[in-house]
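Text of input-v3.cif (mmCIF, C-alpha atoms (C1' of nucleotides)) as supplied:
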```
data_data
#
loop_
_atom_site.group_PDB
_atom_site.id
_atom_site.type_symbol
_atom_site.label_atom_id
_atom_site.label_comp_id
_atom_site.auth_asym_id
_atom_site.auth_seq_id
_atom_site.Cartn_x
_atom_site.Cartn_y
_atom_site.Cartn_z
ATOM 1 C CA MET A 1 -46.043 -135.564 -111.118
ATOM 2 C CA ALA A 2 -45.700 -139.306 -111.397
ATOM 3 C CA HIS A 3 -42.906 -139.114 -113.913
ATOM 4 C CA SER A 4 -40.888 -135.938 -113.767
ATOM 5 C CA GLU A 5 -38.712 -134.895 -116.660
ATOM 6 C CA PRO A 6 -35.097 -135.914 -116.383
ATOM 7 C CA GLN A 7 -32.705 -133.227 -115.326
ATOM 8 C CA TYR A 8 -29.348 -132.696 -116.919
ATOM 9 C CA TRP A 9 -25.905 -132.231 -115.427
ATOM 10 C CA LEU A 10 -22.249 -131.878 -116.263
ATOM 11 C CA MET A 11 -19.610 -133.669 -114.242
ATOM 12 C CA LYS A 12 -15.869 -133.149 -114.530
ATOM 13 C CA SER A 13 -13.257 -135.811 -114.209
ATOM 14 C CA GLU A 14 -9.554 -135.829 -114.852
ATOM 15 C CA PRO A 15 -9.072 -138.514 -117.487
ATOM 16 C CA ASP A 16 -5.732 -139.501 -115.970
ATOM 17 C CA ALA A 17 -7.639 -140.493 -112.847
ATOM 18 C CA PHE A 18 -10.965 -141.605 -114.320
ATOM 19 C CA SER A 19 -11.794 -141.275 -118.008
ATOM 20 C CA VAL A 20 -14.806 -141.962 -120.186
ATOM 21 C CA ASP A 21 -13.171 -145.289 -121.087
ATOM 22 C CA ASP A 22 -12.903 -146.200 -117.426
ATOM 23 C CA LEU A 23 -16.605 -145.507 -117.021
ATOM 24 C CA ALA A 24 -17.344 -147.613 -120.110
ATOM 25 C CA LYS A 25 -15.591 -150.550 -118.478
ATOM 26 C CA LYS A 26 -17.407 -150.167 -115.178
ATOM 27 C CA PRO A 27 -21.169 -149.559 -115.160
ATOM 28 C CA ASN A 28 -22.629 -148.149 -111.948
ATOM 29 C CA SER A 29 -19.364 -146.489 -111.014
ATOM 30 C CA PRO A 30 -19.538 -144.534 -107.766
ATOM 31 C CA TRP A 31 -18.681 -140.880 -108.254
ATOM 32 C CA ASP A 32 -16.599 -140.526 -105.123
ATOM 33 C CA GLY A 33 -14.304 -137.825 -103.877
ATOM 34 C CA VAL A 34 -16.479 -134.745 -104.298
ATOM 35 C CA ARG A 35 -15.465 -132.465 -101.425
ATOM 36 C CA ASN A 36 -17.242 -129.281 -102.333
ATOM 37 C CA TYR A 37 -20.577 -128.351 -100.814
ATOM 38 C CA GLN A 38 -22.114 -126.837 -103.927
ATOM 39 C CA ALA A 39 -21.226 -129.896 -105.979
ATOM 40 C CA ARG A 40 -22.502 -132.196 -103.241
ATOM 41 C CA ASN A 41 -25.789 -130.347 -103.058
ATOM 42 C CA PHE A 42 -26.286 -130.733 -106.798
ATOM 43 C CA MET A 43 -25.612 -134.459 -106.493
ATOM 44 C CA ARG A 44 -28.319 -134.663 -103.836
ATOM 45 C CA GLN A 45 -30.799 -133.311 -106.373
ATOM 46 C CA MET A 46 -29.974 -135.935 -108.976
ATOM 47 C CA LYS A 47 -32.563 -138.537 -109.899
ATOM 48 C CA LYS A 48 -32.179 -141.935 -111.492
ATOM 49 C CA GLU A 49 -31.991 -141.658 -115.294
ATOM 50 C CA ASP A 50 -30.865 -138.023 -115.240
ATOM 51 C CA GLY A 51 -28.488 -137.248 -118.098
ATOM 52 C CA VAL A 52 -24.864 -136.284 -117.527
ATOM 53 C CA PHE A 53 -22.274 -134.768 -119.821
ATOM 54 C CA PHE A 54 -18.998 -136.457 -118.942
ATOM 55 C CA TYR A 55 -16.341 -133.752 -119.079
ATOM 56 C CA HIS A 56 -12.591 -134.291 -119.202
ATOM 57 C CA SER A 57 -10.735 -131.594 -117.258
ATOM 58 C CA SER A 58 -7.105 -130.777 -116.536
ATOM 59 C CA CYS A 59 -5.877 -132.511 -119.655
ATOM 60 C CA LYS A 60 -4.598 -131.751 -123.138
ATOM 61 C CA ILE A 61 -7.990 -131.314 -124.778
ATOM 62 C CA PRO A 62 -10.575 -130.445 -122.149
ATOM 63 C CA GLY A 63 -14.141 -131.083 -123.240
ATOM 64 C CA ILE A 64 -17.195 -133.328 -123.197
ATOM 65 C CA ALA A 65 -16.278 -136.917 -123.980
ATOM 66 C CA GLY A 66 -19.686 -138.561 -123.808
ATOM 67 C CA ILE A 67 -22.988 -139.011 -122.041
ATOM 68 C CA ALA A 68 -23.684 -140.880 -118.835
ATOM 69 C CA LYS A 69 -26.751 -141.389 -116.693
ATOM 70 C CA ILE A 70 -27.455 -141.577 -112.996
ATOM 71 C CA THR A 71 -28.055 -145.149 -111.858
ATOM 72 C CA ARG A 72 -28.150 -144.573 -108.109
ATOM 73 C CA GLU A 73 -29.217 -141.495 -106.222
ATOM 74 C CA ALA A 74 -27.135 -139.800 -103.536
ATOM 75 C CA TYR A 75 -25.774 -141.927 -100.703
ATOM 76 C CA PRO A 76 -22.895 -141.402 -98.279
ATOM 77 C CA ASP A 77 -19.399 -141.305 -99.770
ATOM 78 C CA PHE A 78 -17.646 -143.933 -97.686
ATOM 79 C CA THR A 79 -14.203 -142.958 -98.955
ATOM 80 C CA ALA A 80 -14.512 -139.980 -96.595
ATOM 81 C CA TRP A 81 -14.051 -142.197 -93.531
ATOM 82 C CA ASP A 82 -11.423 -144.475 -95.049
ATOM 83 C CA PRO A 83 -8.072 -143.273 -93.692
ATOM 84 C CA LYS A 84 -6.320 -144.930 -96.631
ATOM 85 C CA SER A 85 -8.346 -142.970 -99.170
ATOM 86 C CA ASP A 86 -7.058 -139.824 -100.837
ATOM 87 C CA TYR A 87 -10.463 -138.365 -100.040
ATOM 88 C CA PHE A 88 -10.339 -139.063 -96.299
ATOM 89 C CA ASP A 89 -12.033 -136.394 -94.224
ATOM 90 C CA THR A 90 -11.752 -136.550 -90.438
ATOM 91 C CA LYS A 91 -14.994 -134.638 -90.114
ATOM 92 C CA SER A 92 -17.026 -137.344 -91.829
ATOM 93 C CA SER A 93 -18.026 -140.656 -90.238
ATOM 94 C CA PRO A 94 -20.526 -143.483 -90.870
ATOM 95 C CA GLU A 95 -22.651 -142.059 -88.033
ATOM 96 C CA ASN A 96 -22.468 -138.569 -89.411
ATOM 97 C CA PRO A 97 -21.602 -138.590 -93.108
ATOM 98 C CA ARG A 98 -20.688 -135.252 -94.590
ATOM 99 C CA TRP A 99 -20.218 -136.160 -98.250
ATOM 100 C CA ASP A 100 -22.425 -137.930 -100.757
ATOM 101 C CA MET A 101 -21.898 -139.652 -104.068
ATOM 102 C CA VAL A 102 -24.055 -141.028 -106.880
ATOM 103 C CA ASP A 103 -23.537 -143.946 -109.264
ATOM 104 C CA LEU A 104 -23.170 -143.465 -113.009
ATOM 105 C CA SER A 105 -23.167 -145.604 -116.129
ATOM 106 C CA LEU A 106 -21.937 -144.611 -119.550
ATOM 107 C CA VAL A 107 -24.627 -144.155 -122.184
ATOM 108 C CA GLU A 108 -22.403 -143.254 -125.121
ATOM 109 C CA LYS A 109 -18.834 -142.295 -125.717
ATOM 110 C CA TRP A 110 -18.611 -139.667 -128.423
ATOM 111 C CA THR A 111 -16.421 -140.289 -131.447
ATOM 112 C CA ARG A 112 -15.114 -136.750 -131.100
ATOM 113 C CA VAL A 113 -14.620 -134.791 -127.904
ATOM 114 C CA ILE A 114 -16.641 -131.582 -127.953
ATOM 115 C CA THR A 115 -13.886 -129.342 -126.722
ATOM 116 C CA LEU A 116 -14.054 -126.387 -124.413
ATOM 117 C CA ALA A 117 -12.999 -124.306 -127.424
ATOM 118 C CA ASP A 118 -15.976 -125.666 -129.405
ATOM 119 C CA LEU A 119 -18.328 -124.760 -126.595
ATOM 120 C CA LYS A 120 -16.882 -121.270 -126.236
ATOM 121 C CA LYS A 121 -17.462 -120.615 -129.931
ATOM 122 C CA THR A 122 -21.156 -121.437 -129.608
ATOM 123 C CA GLU A 123 -23.194 -118.306 -129.130
ATOM 124 C CA ALA A 124 -26.223 -120.163 -127.830
ATOM 125 C CA LEU A 125 -24.186 -121.309 -124.836
ATOM 126 C CA GLU A 126 -23.433 -117.846 -123.562
ATOM 127 C CA GLY A 127 -24.000 -117.779 -119.826
ATOM 128 C CA PHE A 128 -23.371 -121.509 -119.412
ATOM 129 C CA GLN A 129 -21.818 -122.003 -115.991
ATOM 130 C CA LEU A 130 -18.965 -124.100 -117.352
ATOM 131 C CA LEU A 131 -17.817 -121.227 -119.554
ATOM 132 C CA LYS A 132 -17.787 -118.592 -116.844
ATOM 133 C CA LYS A 133 -14.409 -117.238 -115.920
ATOM 134 C CA GLY A 134 -12.891 -118.865 -112.893
ATOM 135 C CA ASN A 135 -15.480 -121.596 -112.717
ATOM 136 C CA ARG A 136 -14.092 -124.535 -110.786
ATOM 137 C CA LEU A 137 -17.276 -126.343 -109.907
ATOM 138 C CA SER A 138 -16.986 -130.046 -110.736
ATOM 139 C CA VAL A 139 -20.727 -130.777 -110.791
ATOM 140 C CA MET A 140 -23.196 -128.349 -112.304
ATOM 141 C CA PRO A 141 -26.699 -128.258 -113.719
ATOM 142 C CA VAL A 142 -27.304 -128.028 -117.470
ATOM 143 C CA SER A 143 -30.576 -126.566 -118.707
ATOM 144 C CA HIS A 144 -32.679 -128.470 -121.220
ATOM 145 C CA GLU A 145 -31.890 -125.770 -123.743
ATOM 146 C CA GLN A 146 -28.157 -126.070 -123.163
ATOM 147 C CA TRP A 147 -28.337 -129.854 -123.295
ATOM 148 C CA HIS A 148 -30.005 -129.795 -126.689
ATOM 149 C CA HIS A 149 -27.733 -127.073 -128.045
ATOM 150 C CA ILE A 150 -24.728 -129.153 -127.125
ATOM 151 C CA LEU A 151 -26.202 -132.279 -128.727
ATOM 152 C CA THR A 152 -26.842 -130.310 -131.910
ATOM 153 C CA LEU A 153 -23.295 -128.984 -131.822
ATOM 154 C CA LYS A 154 -21.975 -132.495 -131.307
ATOM 155 C CA ASN A 155 -23.939 -133.792 -134.308
ATOM 156 C CA GLN A 156 -22.635 -130.960 -136.479
ATOM 157 C CA LEU A 157 -19.029 -131.414 -135.462
ATOM 158 C CA THR A 158 -19.066 -135.186 -135.588
ATOM 159 C CA SER A 159 -20.244 -135.179 -139.193
ATOM 160 C CA GLN A 160 -17.399 -132.846 -140.167
ATOM 161 C CA PRO A 161 -13.774 -133.795 -140.696
ATOM 162 C CA LEU A 162 -11.522 -132.457 -137.959
ATOM 163 C "C1'" DG B 1 4.954 -124.933 -114.896
ATOM 164 C "C1'" DC B 2 2.373 -120.658 -114.295
ATOM 165 C "C1'" DC B 3 -1.150 -118.183 -112.364
ATOM 166 C "C1'" DA B 4 -5.963 -116.377 -111.784
ATOM 167 C "C1'" DA B 5 -9.959 -117.476 -109.402
ATOM 168 C "C1'" DC B 6 -12.142 -119.451 -105.907
ATOM 169 C "C1'" DG B 7 -13.236 -122.148 -101.406
ATOM 170 C "C1'" DT B 8 -11.818 -123.095 -96.802
ATOM 171 C "C1'" DT B 9 -9.577 -122.361 -92.524
ATOM 172 C "C1'" DG B 10 -8.485 -120.211 -88.376
ATOM 173 C "C1'" DG B 11 -7.045 -116.207 -85.595
ATOM 174 C "C1'" DC B 12 -8.900 -112.310 -83.699
ATOM 175 C "C1'" DG C 1 -18.330 -112.134 -88.424
ATOM 176 C "C1'" DC C 2 -14.269 -110.380 -90.767
ATOM 177 C "C1'" DC C 3 -10.435 -111.301 -93.517
ATOM 178 C "C1'" DA C 4 -5.652 -112.812 -94.483
ATOM 179 C "C1'" DA C 5 -3.347 -116.937 -95.505
ATOM 180 C "C1'" DC C 6 -3.396 -120.991 -97.617
ATOM 181 C "C1'" DG C 7 -4.661 -124.887 -100.724
ATOM 182 C "C1'" DT C 8 -6.874 -126.403 -104.936
ATOM 183 C "C1'" DT C 9 -8.716 -126.250 -109.554
ATOM 184 C "C1'" DG C 10 -8.062 -126.087 -114.229
ATOM 185 C "C1'" DG C 11 -7.002 -123.577 -118.564
ATOM 186 C "C1'" DC C 12 -3.189 -122.128 -121.014
#
```

When written as structure tokens, how does the structure in this file appear?
Amino acid sequence: MAHSEPQYWLMKSEPDAFSVDDLAKKPNSPWDGVRNYQARNFMRQMKKEDGVFFYHSSCKIPGIAGIAKITREAYPDFTAWDPKSDYFDTKSSPENPRWDMVDLSLVEKWTRVITLADLKKTEALEGFQLLKKGNRLSVMPVSHEQWHHILTLKNQLTSQPL
DNA sequence: GCCAACGTTGGC
DNA sequence: GCCAACGTTGGC
């Protein structure tokens, strides 16, 4: 396949640390600090132009705040060998990097956050990894079906008064 | 601030 | 390789 279909993902960020507005201000932001193997492995599968739901977690109204895209594929997360970084990991080094990151740019900030509660109410999203009990994964795949269901939901909710 | 769920660590 | 202890995530 010369041109493979884009894949879709969801990535969580705490808006106090890095919000959708921060991403809007800084195209090609490195997504550093992922220190979970499953999440890292998903990032390694990401391709340029893949779509990403930007999710705000650990905040007042958790939910999807907008869409981003991958602008650079996985490369070593250098914050892992920076002793001054919060994400410093003694087991990672430039010679033997353990953690990867990707770069992202914002595509669109949504005028209304599609909240976790909105998503939970949507029958078509049953089985979505994000909605599973105890799910703490910060990077996860989104199927094409789920992606389009969520876009439809977003269009419905955005055209309605709150 | 609480706590359930989960991942990681380290002793054995 | 098991598993208890511990730390972290993230919704509420």

Would you place a box with edges along x, y and z of the file around all atoms of region 5-10 of chain C listed there, add 6 Å to each of its six sides, and report the centre and edge lengths in Å to one decimal, as JSON?
```
{"center_x": -6.0, "center_y": -121.7, "center_z": -104.9, "size_x": 17.4, "size_y": 21.5, "size_z": 30.7}
```

Legend entry - Near-Gln38 (chain A) list (9 Å; only C-alpha atoms (C1' of nucleotides); drop same-chain fewer than 6 positions) as a list in words: Leu137, Val139 and Met140 of chain A

Inset, instruction - Between C1' of DG10 (chain B) and C1' of DC2 (chain C), measure the distance and give it in Å to one decimal. - result: 11.7 Å

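Remark: for chain B, the closest of the candidate residues A:Arg40, A:Lys26, A:Arg35, A:Lys91 is A:Arg35 (distances computed over all atoms listed in the file).
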
Each chain A residue no farther than 10 Å from chain C, nearest pair in Å, all atoms listed in the file, as a tab-separated table:
```
residue	atom	partner	partner_atom	distance
A:Glu14	CA	C:DG10	C1'	9.9
A:Ser57	CA	C:DG10	C1'	6.8
A:Ser58	CA	C:DG10	C1'	5.3
A:Cys59	CA	C:DG10	C1'	8.7
A:Lys60	CA	C:DG11	C1'	9.7
A:Ile61	CA	C:DG11	C1'	10.0
A:Pro62	CA	C:DG11	C1'	8.5
A:Leu116	CA	C:DG11	C1'	9.6
A:Gly134	CA	C:DG10	C1'	8.8
A:Asn135	CA	C:DT9	C1'	8.8
A:Arg136	CA	C:DT9	C1'	5.8
A:Leu137	CA	C:DT9	C1'	8.6
A:Ser138	CA	C:DT9	C1'	9.2
```

Residue list as a PDB file with C-alpha atoms, keeping the file's coordinate frame for point (-19.1, -134.9, -104.3), cut-off 7 Å, all atoms listed in the file:
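part.pdb, freshly written:
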```pdb
ATOM      1  CA  ASP A  32     -16.599-140.526-105.123  1.00  0.00           C
ATOM      2  CA  GLY A  33     -14.304-137.825-103.877  1.00  0.00           C
ATOM      3  CA  VAL A  34     -16.479-134.745-104.298  1.00  0.00           C
ATOM      4  CA  ARG A  35     -15.465-132.465-101.425  1.00  0.00           C
ATOM      5  CA  ASN A  36     -17.242-129.281-102.333  1.00  0.00           C
ATOM      6  CA  ALA A  39     -21.226-129.896-105.979  1.00  0.00           C
ATOM      7  CA  ARG A  40     -22.502-132.196-103.241  1.00  0.00           C
ATOM      8  CA  MET A  43     -25.612-134.459-106.493  1.00  0.00           C
ATOM      9  CA  TRP A  99     -20.218-136.160 -98.250  1.00  0.00           C
ATOM     10  CA  ASP A 100     -22.425-137.930-100.757  1.00  0.00           C
ATOM     11  CA  MET A 101     -21.898-139.652-104.068  1.00  0.00           C
TER      12      MET A 101
END
```

Legend entry - Long-range neighbours of region 19-24 of chain A as a list of chain:residue names, 7 Å cut-off, all atoms listed in the file, 6 positions minimum in chain: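 Contacts, in chain order: A:Ser13, A:Ala65, A:Gly66, A:Ser105, A:Leu106, A:Lys109.
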
Legend entry - Shell around Ser93 (chain A) at 12 Å using only C-alpha atoms (C1' of nucleotides), local window under 6 positions removed, as a count of residues only: 10

Inset, instruction - Kindly give the distance, in Å, that separates CA of Arg72 (chain A) and CA of Asn28 (chain A), rounded to a single decimal. - result: 7.6 Å

Inset, instruction - One decimal, Å: what's the distance from CA of Glu145 (chain A) over to CA of Gly63 (chain A), could you say? - result: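 Taking CA of Glu145 (chain A) and CA of Gly63 (chain A), their separation equals 18.5 Å.
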
Complete region 5-39 of chain A at the level of N, CA and C atoms, written as a CSV table (one decimal), keeping the file's coordinate frame.
```csv
chain,number,residue,atom,x,y,z
A,5,GLU,N,-39.7,-135.0,-115.6
A,5,GLU,CA,-38.7,-134.9,-116.7
A,5,GLU,C,-37.3,-135.1,-116.1
A,6,PRO,N,-36.5,-135.8,-116.9
A,6,PRO,CA,-35.1,-135.9,-116.4
A,6,PRO,C,-34.4,-134.6,-116.3
A,7,GLN,N,-33.5,-134.4,-115.4
A,7,GLN,CA,-32.7,-133.2,-115.3
A,7,GLN,C,-31.4,-133.6,-116.0
A,8,TYR,N,-30.6,-132.5,-116.3
A,8,TYR,CA,-29.3,-132.7,-116.9
A,8,TYR,C,-28.2,-132.1,-116.1
A,9,TRP,N,-27.1,-132.7,-116.2
A,9,TRP,CA,-25.9,-132.2,-115.4
A,9,TRP,C,-24.6,-132.3,-116.2
A,10,LEU,N,-23.6,-131.7,-115.7
A,10,LEU,CA,-22.2,-131.9,-116.3
A,10,LEU,C,-21.3,-132.2,-115.1
A,11,MET,N,-20.5,-133.3,-115.3
A,11,MET,CA,-19.6,-133.7,-114.2
A,11,MET,C,-18.2,-133.8,-114.8
A,12,LYS,N,-17.3,-133.2,-114.1
A,12,LYS,CA,-15.9,-133.1,-114.5
A,12,LYS,C,-15.1,-134.3,-113.9
A,13,SER,N,-14.2,-134.8,-114.7
A,13,SER,CA,-13.3,-135.8,-114.2
A,13,SER,C,-11.9,-135.6,-114.9
A,14,GLU,N,-10.9,-135.8,-114.2
A,14,GLU,CA,-9.6,-135.8,-114.9
A,14,GLU,C,-9.3,-137.2,-115.5
A,15,PRO,N,-9.2,-137.2,-116.8
A,15,PRO,CA,-9.1,-138.5,-117.5
A,15,PRO,C,-7.9,-139.4,-117.0
A,16,ASP,N,-6.9,-138.7,-116.5
A,16,ASP,CA,-5.7,-139.5,-116.0
A,16,ASP,C,-6.2,-140.3,-114.8
A,17,ALA,N,-7.1,-139.8,-114.0
A,17,ALA,CA,-7.6,-140.5,-112.8
A,17,ALA,C,-8.8,-141.4,-113.2
A,18,PHE,N,-9.8,-140.8,-114.0
A,18,PHE,CA,-11.0,-141.6,-114.3
A,18,PHE,C,-11.5,-141.0,-115.6
A,19,SER,N,-11.4,-141.8,-116.7
A,19,SER,CA,-11.8,-141.3,-118.0
A,19,SER,C,-13.1,-141.9,-118.5
A,20,VAL,N,-13.6,-141.4,-119.6
A,20,VAL,CA,-14.8,-142.0,-120.2
A,20,VAL,C,-14.6,-143.5,-120.5
A,21,ASP,N,-13.4,-143.9,-120.8
A,21,ASP,CA,-13.2,-145.3,-121.1
A,21,ASP,C,-13.2,-146.1,-119.8
A,22,ASP,N,-12.8,-145.5,-118.7
A,22,ASP,CA,-12.9,-146.2,-117.4
A,22,ASP,C,-14.4,-146.4,-117.1
A,23,LEU,N,-15.2,-145.4,-117.3
A,23,LEU,CA,-16.6,-145.5,-117.0
A,23,LEU,C,-17.3,-146.5,-117.9
A,24,ALA,N,-16.8,-146.6,-119.2
A,24,ALA,CA,-17.3,-147.6,-120.1
A,24,ALA,C,-17.1,-149.0,-119.6
A,25,LYS,N,-16.0,-149.2,-119.0
A,25,LYS,CA,-15.6,-150.6,-118.5
A,25,LYS,C,-16.3,-150.9,-117.2
A,26,LYS,N,-16.8,-149.9,-116.5
A,26,LYS,CA,-17.4,-150.2,-115.2
A,26,LYS,C,-18.7,-149.5,-115.0
A,27,PRO,N,-19.8,-150.1,-115.4
A,27,PRO,CA,-21.2,-149.6,-115.2
A,27,PRO,C,-21.4,-149.4,-113.7
A,28,ASN,N,-22.3,-148.5,-113.3
A,28,ASN,CA,-22.6,-148.1,-111.9
A,28,ASN,C,-21.4,-147.7,-111.1
A,29,SER,N,-20.5,-147.0,-111.7
A,29,SER,CA,-19.4,-146.5,-111.0
A,29,SER,C,-19.8,-145.5,-110.0
A,30,PRO,N,-19.3,-145.6,-108.8
A,30,PRO,CA,-19.5,-144.5,-107.8
A,30,PRO,C,-18.7,-143.3,-108.1
A,31,TRP,N,-19.4,-142.2,-108.0
A,31,TRP,CA,-18.7,-140.9,-108.3
A,31,TRP,C,-18.2,-140.3,-106.9
A,32,ASP,N,-17.1,-140.9,-106.5
A,32,ASP,CA,-16.6,-140.5,-105.1
A,32,ASP,C,-15.6,-139.3,-105.2
A,33,GLY,N,-15.3,-138.8,-104.0
A,33,GLY,CA,-14.3,-137.8,-103.9
A,33,GLY,C,-14.7,-136.4,-104.0
A,34,VAL,N,-16.0,-136.1,-104.2
A,34,VAL,CA,-16.5,-134.7,-104.3
A,34,VAL,C,-16.4,-134.1,-102.9
A,35,ARG,N,-15.7,-133.1,-102.8
A,35,ARG,CA,-15.5,-132.5,-101.4
A,35,ARG,C,-15.7,-131.0,-101.5
A,36,ASN,N,-16.8,-130.7,-102.2
A,36,ASN,CA,-17.2,-129.3,-102.3
A,36,ASN,C,-18.7,-129.3,-102.1
A,37,TYR,N,-19.2,-128.3,-101.2
A,37,TYR,CA,-20.6,-128.4,-100.8
A,37,TYR,C,-21.6,-128.1,-102.0
A,38,GLN,N,-21.2,-127.1,-102.8
A,38,GLN,CA,-22.1,-126.8,-103.9
A,38,GLN,C,-22.3,-128.1,-104.8
A,39,ALA,N,-21.2,-128.7,-105.1
A,39,ALA,CA,-21.2,-129.9,-106.0
A,39,ALA,C,-22.0,-131.0,-105.3
```
